[in-house]
file data_23.pdb (PDB, C-alpha atoms)
ATOM      1  CA  MET A   1      -6.422 186.364  82.582
ATOM      2  CA  ALA A   2      -3.539 188.221  84.249
ATOM      3  CA  LEU A   3      -6.016 190.749  85.631
ATOM      4  CA  TRP A   4      -8.244 187.937  86.941
ATOM      5  CA  ARG A   5      -5.269 186.232  88.648
ATOM      6  CA  ALA A   6      -4.235 189.534  90.228
ATOM      7  CA  TYR A   7      -7.794 189.993  91.487
ATOM      8  CA  GLN A   8      -7.789 186.469  92.974
ATOM      9  CA  ARG A   9      -4.451 187.074  94.740
ATOM     10  CA  ALA A  10      -5.658 190.382  96.137
ATOM     11  CA  LEU A  11      -8.956 188.825  97.197
ATOM     12  CA  ALA A  12      -7.140 185.996  99.003
ATOM     13  CA  ALA A  13      -4.738 188.380 100.739
ATOM     14  CA  HIS A  14      -7.220 191.145 101.591
ATOM     15  CA  PRO A  15     -10.754 189.865 101.003
ATOM     16  CA  TRP A  16     -12.566 192.587 102.888
ATOM     17  CA  LYS A  17     -10.618 195.502 101.438
ATOM     18  CA  VAL A  18     -10.800 194.198  97.874
ATOM     19  CA  GLN A  19     -14.526 193.632  98.011
ATOM     20  CA  VAL A  20     -15.194 197.009  99.597
ATOM     21  CA  LEU A  21     -13.188 198.671  96.826
ATOM     22  CA  THR A  22     -14.866 196.540  94.178
ATOM     23  CA  ALA A  23     -18.456 197.210  95.082
ATOM     24  CA  ALA A  24     -18.578 199.625  98.026
ATOM     25  CA  HIS A  25     -20.925 197.302  99.897
ATOM     26  CA  LEU A  26     -20.652 193.758 101.205
ATOM     27  CA  ARG A  27     -23.298 191.195 101.888
ATOM     28  CA  ARG A  28     -22.282 188.349 104.191
ATOM     29  CA  CYS A  29     -23.232 184.942 102.813
ATOM     30  CA  PRO A  30     -24.223 181.959 104.960
ATOM     31  CA  ASP A  31     -21.210 179.951 103.757
ATOM     32  CA  ASN A  32     -18.777 182.683 104.955
ATOM     33  CA  THR A  33     -17.859 183.909 101.497
ATOM     34  CA  CYS A  34     -18.435 187.554 100.712
ATOM     35  CA  VAL A  35     -20.477 188.462  97.653
ATOM     36  CA  PRO A  36     -19.931 192.012  96.411
ATOM     37  CA  CYS A  37     -23.042 194.110  96.026
ATOM     38  CA  ILE A  38     -23.578 194.946  92.392
ATOM     39  CA  GLY A  39     -25.149 198.333  92.971
ATOM     40  CA  SER A  40     -22.023 200.263  92.095
ATOM     41  CA  LEU A  41     -21.668 198.333  88.840
ATOM     42  CA  MET A  42     -25.283 199.028  87.935
ATOM     43  CA  GLY A  43     -24.625 202.692  88.662
ATOM     44  CA  LEU A  44     -21.578 202.541  86.402
ATOM     45  CA  GLY A  45     -23.750 201.024  83.677
ATOM     46  CA  ASP A  46     -26.166 203.947  83.983
ATOM     47  CA  ILE A  47     -23.317 206.471  83.856
ATOM     48  CA  ILE A  48     -21.991 204.804  80.705
ATOM     49  CA  SER A  49     -25.489 204.860  79.234
ATOM     50  CA  GLN A  50     -26.045 208.533  79.999
ATOM     51  CA  GLN A  51     -22.589 209.761  79.060
ATOM     52  CA  LEU A  52     -21.403 207.521  76.215
ATOM     53  CA  VAL A  53     -24.625 206.242  74.629
ATOM     54  CA  GLU A  54     -27.025 209.125  75.203
ATOM     55  CA  ARG A  55     -24.263 211.784  75.317
ATOM     56  CA  ARG A  56     -26.030 213.866  77.967
ATOM     57  CA  GLY A  57     -22.934 215.587  79.300
ATOM     58  CA  LEU A  58     -22.257 216.243  82.971
ATOM     59  CA  GLN A  59     -24.694 219.161  83.198
ATOM     60  CA  GLU A  60     -27.610 217.032  81.957
ATOM     61  CA  HIS A  61     -26.667 213.867  83.858
ATOM     62  CA  GLN A  62     -29.672 212.551  85.792
ATOM     63  CA  ARG A  63     -28.209 211.733  89.187
ATOM     64  CA  GLY A  64     -31.514 210.385  90.493
ATOM     65  CA  ARG A  65     -31.594 207.852  87.689
ATOM     66  CA  THR A  66     -28.080 206.680  88.573
ATOM     67  CA  LEU A  67     -29.040 206.447  92.247
ATOM     68  CA  THR A  68     -32.100 204.401  91.272
ATOM     69  CA  MET A  69     -29.898 201.935  89.392
ATOM     70  CA  VAL A  70     -27.489 201.708  92.364
ATOM     71  CA  SER A  71     -30.417 201.086  94.711
ATOM     72  CA  LEU A  72     -31.884 198.416  92.438
ATOM     73  CA  GLY A  73     -28.500 196.700  92.315
ATOM     74  CA  CYS A  74     -27.969 196.692  96.068
ATOM     75  CA  GLY A  75     -31.526 195.965  97.125
ATOM     76  CA  PHE A  76     -32.863 193.724  94.386
ATOM     77  CA  VAL A  77     -30.463 192.471  91.702
ATOM     78  CA  GLY A  78     -27.518 191.547  93.959
ATOM     79  CA  PRO A  79     -29.480 189.585  96.543
ATOM     80  CA  VAL A  80     -31.746 187.884  93.991
ATOM     81  CA  VAL A  81     -29.003 186.854  91.556
ATOM     82  CA  GLY A  82     -26.594 185.864  94.346
ATOM     83  CA  GLY A  83     -29.308 183.733  95.936
ATOM     84  CA  TRP A  84     -30.257 182.250  92.584
ATOM     85  CA  TYR A  85     -26.698 181.037  91.975
ATOM     86  CA  LYS A  86     -26.700 179.255  95.329
ATOM     87  CA  VAL A  87     -30.060 177.603  94.643
ATOM     88  CA  LEU A  88     -28.949 176.610  91.161
ATOM     89  CA  ASP A  89     -25.718 175.105  92.496
ATOM     90  CA  ARG A  90     -27.644 173.067  95.081
ATOM     91  CA  PHE A  91     -30.217 171.949  92.519
ATOM     92  CA  ILE A  92     -27.594 170.985  89.923
ATOM     93  CA  PRO A  93     -24.342 170.272  91.779
ATOM     94  CA  GLY A  94     -21.212 169.739  89.759
ATOM     95  CA  THR A  95     -19.073 171.525  87.243
ATOM     96  CA  THR A  96     -18.975 169.226  84.229
ATOM     97  CA  LYS A  97     -19.863 170.515  80.779
ATOM     98  CA  VAL A  98     -23.258 168.818  81.040
ATOM     99  CA  ASP A  99     -23.884 170.391  84.473
ATOM    100  CA  ALA A 100     -22.929 173.811  83.109
ATOM    101  CA  LEU A 101     -25.253 173.342  80.138
ATOM    102  CA  LYS A 102     -28.122 172.322  82.427
ATOM    103  CA  LYS A 103     -27.512 175.358  84.666
ATOM    104  CA  MET A 104     -27.370 177.714  81.692
ATOM    105  CA  LEU A 105     -30.590 176.300  80.234
ATOM    106  CA  LEU A 106     -32.411 176.619  83.560
ATOM    107  CA  ASP A 107     -30.947 180.085  84.125
ATOM    108  CA  GLN A 108     -31.832 181.379  80.675
ATOM    109  CA  GLY A 109     -35.054 179.417  80.193
ATOM    110  CA  GLY A 110     -36.573 179.968  83.617
ATOM    111  CA  PHE A 111     -34.821 182.627  85.643
ATOM    112  CA  ALA A 112     -33.892 185.213  82.986
ATOM    113  CA  PRO A 113     -37.402 185.683  81.556
ATOM    114  CA  CYS A 114     -38.915 186.125  85.031
ATOM    115  CA  PHE A 115     -36.131 188.332  86.326
ATOM    116  CA  LEU A 116     -36.039 190.564  83.264
ATOM    117  CA  GLY A 117     -39.821 190.886  83.413
ATOM    118  CA  CYS A 118     -39.510 192.299  86.939
ATOM    119  CA  PHE A 119     -36.821 194.747  85.889
ATOM    120  CA  LEU A 120     -38.030 195.969  82.507
ATOM    121  CA  PRO A 121     -41.712 195.112  82.022
ATOM    122  CA  LEU A 122     -42.542 197.820  79.465
ATOM    123  CA  ASP A 123     -40.204 196.637  76.699
ATOM    124  CA  TYR A 124     -39.889 193.014  77.665
ATOM    125  CA  PRO A 125     -39.831 191.119  74.308
ATOM    126  CA  ASP A 126     -37.036 193.185  72.775
ATOM    127  CA  ALA A 127     -34.955 193.128  75.961
ATOM    128  CA  LEU A 128     -35.398 189.347  76.310
ATOM    129  CA  ILE A 129     -34.267 188.740  72.731
ATOM    130  CA  THR A 130     -31.220 190.942  73.314
ATOM    131  CA  ASN A 131     -30.579 189.013  76.538
ATOM    132  CA  TYR A 132     -30.302 185.798  74.526
ATOM    133  CA  TYR A 133     -27.596 187.279  72.292
ATOM    134  CA  LEU A 134     -25.312 187.799  75.289
ATOM    135  CA  TRP A 135     -26.109 185.766  78.367
ATOM    136  CA  PRO A 136     -26.267 182.092  77.308
ATOM    137  CA  ALA A 137     -22.587 182.101  76.290
ATOM    138  CA  VAL A 138     -21.567 184.072  79.378
ATOM    139  CA  GLN A 139     -23.494 181.798  81.714
ATOM    140  CA  LEU A 140     -22.296 178.593  80.072
ATOM    141  CA  ALA A 141     -18.681 179.671  80.619
ATOM    142  CA  ASN A 142     -19.527 180.964  84.106
ATOM    143  CA  PHE A 143     -21.152 177.728  85.280
ATOM    144  CA  TYR A 144     -18.445 175.545  83.738
ATOM    145  CA  LEU A 145     -15.279 177.467  84.573
ATOM    146  CA  VAL A 146     -15.980 179.684  87.586
ATOM    147  CA  PRO A 147     -16.324 178.597  91.244
ATOM    148  CA  LEU A 148     -19.608 179.565  92.903
ATOM    149  CA  HIS A 149     -18.153 182.334  95.073
ATOM    150  CA  TYR A 150     -16.771 184.158  91.990
ATOM    151  CA  ARG A 151     -19.787 183.799  89.679
ATOM    152  CA  LEU A 152     -21.582 186.969  90.705
ATOM    153  CA  ALA A 153     -18.386 189.013  90.252
ATOM    154  CA  VAL A 154     -17.754 187.546  86.789
ATOM    155  CA  VAL A 155     -21.312 188.164  85.687
ATOM    156  CA  GLN A 156     -21.229 191.720  86.954
ATOM    157  CA  CYS A 157     -18.113 192.507  84.948
ATOM    158  CA  VAL A 158     -20.064 191.583  81.807
ATOM    159  CA  ALA A 159     -23.160 193.208  83.258
ATOM    160  CA  VAL A 160     -21.616 196.679  83.177
ATOM    161  CA  ILE A 161     -22.322 196.596  79.433
ATOM    162  CA  TRP A 162     -25.701 194.920  79.968
ATOM    163  CA  ASN A 163     -26.661 197.468  82.635
ATOM    164  CA  SER A 164     -25.789 200.262  80.226
ATOM    165  CA  TYR A 165     -28.162 198.707  77.724
ATOM    166  CA  LEU A 166     -30.936 198.201  80.316
ATOM    167  CA  SER A 167     -30.596 201.756  81.591
ATOM    168  CA  TRP A 168     -30.765 203.122  78.075
ATOM    169  CA  LYS A 169     -33.729 200.873  77.253
ATOM    170  CA  ALA A 170     -35.644 201.676  80.448
ATOM    171  CA  HIS A 171     -35.208 205.427  80.050
ATOM    172  CA  ARG A 172     -35.884 205.535  76.338
ATOM    173  CA  LEU A 173     -39.515 204.555  76.848
TER     174      LEU A 173
END
call {"tool": "encode", "arguments": {"input": "data_23.pdb", "output": "structure tokens"}}
result
Amino acid sequence: MALWRAYQRALAAHPWKVQVLTAAHLRRCPDNTCVPCIGSLMGLGDIISQQLVERRGLQEHQRGRTLTMVSLGCGFVGPVVGGWYKVLDRFIPGTTKVDALKKMLLDQGGFAPCFLGCFLPLDYPDALITNYYLWPAVQLANFYLVPLHYRLAVVQCVAVIWNSYLSWKAHRL
């Protein structure tokens, strides 16, 4: 929590600098809040996958694969997920426990299966089951406790681990 509070203070004092350092790319939102691009975090997930899970070593690191993950994050995942959170918040306004539960159920019952199918179509059933071990709890807390303009950042902190898994899964096939 201390790290989160420090991030919030830094974001309030220097929003542009903090977000540039966090994600290396900014996307301006219609409501004048900045949403960090998640490409760098997807790239980090791939690096973790290649170096810690697959143990490739620096000589065998596939830079093109990492660049592909960064590109997917910036061009597809970031805009789609960021937009989804805005739509979801308009469709189910509010932050009560019931609202958070409704958002999580819609997110995990409708959005996650479609989104994951676009990202990892070749090993979809196994990836979707693994998704349900992690994301319902994360999203329930996210929708209940986190303001809209921080949700993508919170999810992407958890997603570093998830992206490592997806990268490993996608390149294991």
call {"tool": "atom_distance", "arguments": {"input": "data_23.pdb", "atom1": "CA of Ile161 (chain A)", "atom2": "CA of Gly45 (chain A)"}}
result
6.3 Å
call {"tool": "atom_distance", "arguments": {"input": "data_23.pdb", "atom1": "CA of Ala112 (chain A)", "atom2": "CA of Asn131 (chain A)"}}
result
8.2 Å
call {"tool": "resolve_selection", "arguments": {"input": "data_23.pdb", "expression": "the PyMOL selection byres ((chain A and resi 145) around 12)", "output": "JSON, numbers by chain"}}
result
{"A": [94, 95, 96, 97, 99, 100, 101, 137, 138, 139, 140, 141, 142, 143, 144, 146, 147, 148, 149, 150, 151, 154]}
call {"tool": "residues_around", "arguments": {"input": "data_23.pdb", "residues": "Ile47 (chain A)", "least_positions_apart": "6", "cutoff": "12 Å", "atoms": "all atoms listed in the file", "output": "MDAnalysis selection string"}}
result
chainID A and resid 40:41 53:58 60:70 160:161 163:168
call {"tool": "resolve_selection", "arguments": {"input": "data_23.pdb", "expression": "the PyMOL selection byres ((chain A and resi 123) around 12)", "output": "compact mmCIF listing (two decimals) with C-alpha atoms, in the coordinates of the input"}}
result
# COMPACT_ATOMS: atom_id res chain seq x y z
CA LEU A 116 -36.04 190.56 83.26
CA GLY A 117 -39.82 190.89 83.41
CA CYS A 118 -39.51 192.30 86.94
CA PHE A 119 -36.82 194.75 85.89
CA LEU A 120 -38.03 195.97 82.51
CA PRO A 121 -41.71 195.11 82.02
CA LEU A 122 -42.54 197.82 79.46
CA TYR A 124 -39.89 193.01 77.67
CA PRO A 125 -39.83 191.12 74.31
CA ASP A 126 -37.04 193.18 72.78
CA ALA A 127 -34.96 193.13 75.96
CA LEU A 128 -35.40 189.35 76.31
CA ILE A 129 -34.27 188.74 72.73
CA THR A 130 -31.22 190.94 73.31
CA LEU A 166 -30.94 198.20 80.32
CA SER A 167 -30.60 201.76 81.59
CA TRP A 168 -30.76 203.12 78.08
CA LYS A 169 -33.73 200.87 77.25
CA ALA A 170 -35.64 201.68 80.45
CA HIS A 171 -35.21 205.43 80.05
CA ARG A 172 -35.88 205.54 76.34
CA LEU A 173 -39.52 204.56 76.85
call {"tool": "closest_residue", "arguments": {"input": "data_23.pdb", "among": "A:Val81, A:Cys114, A:Ala12, A:Leu88", "to": "Ala153 (chain A)", "atoms": "only C-alpha atoms"}}
result
A:Val81
call {"tool": "atom_distance", "arguments": {"input": "data_23.pdb", "atom1": "CA of Lys86 (chain A)", "atom2": "CA of Lys103 (chain A)"}}
result
11.4 Å
call {"tool": "closest_residue", "arguments": {"input": "data_23.pdb", "among": "A:Leu134, A:Val77, A:Ala10, A:Ala159", "to": "Gln108 (chain A)", "atoms": "all atoms listed in the file"}}
result
A:Leu134
call {"tool": "residues_around", "arguments": {"input": "data_23.pdb", "residues": "Leu152 (chain A)", "least_positions_apart": "3", "cutoff": "7 Å", "atoms": "only C-alpha atoms", "output": "PyMOL selection string"}}
result
chain A and resi 82+155-156
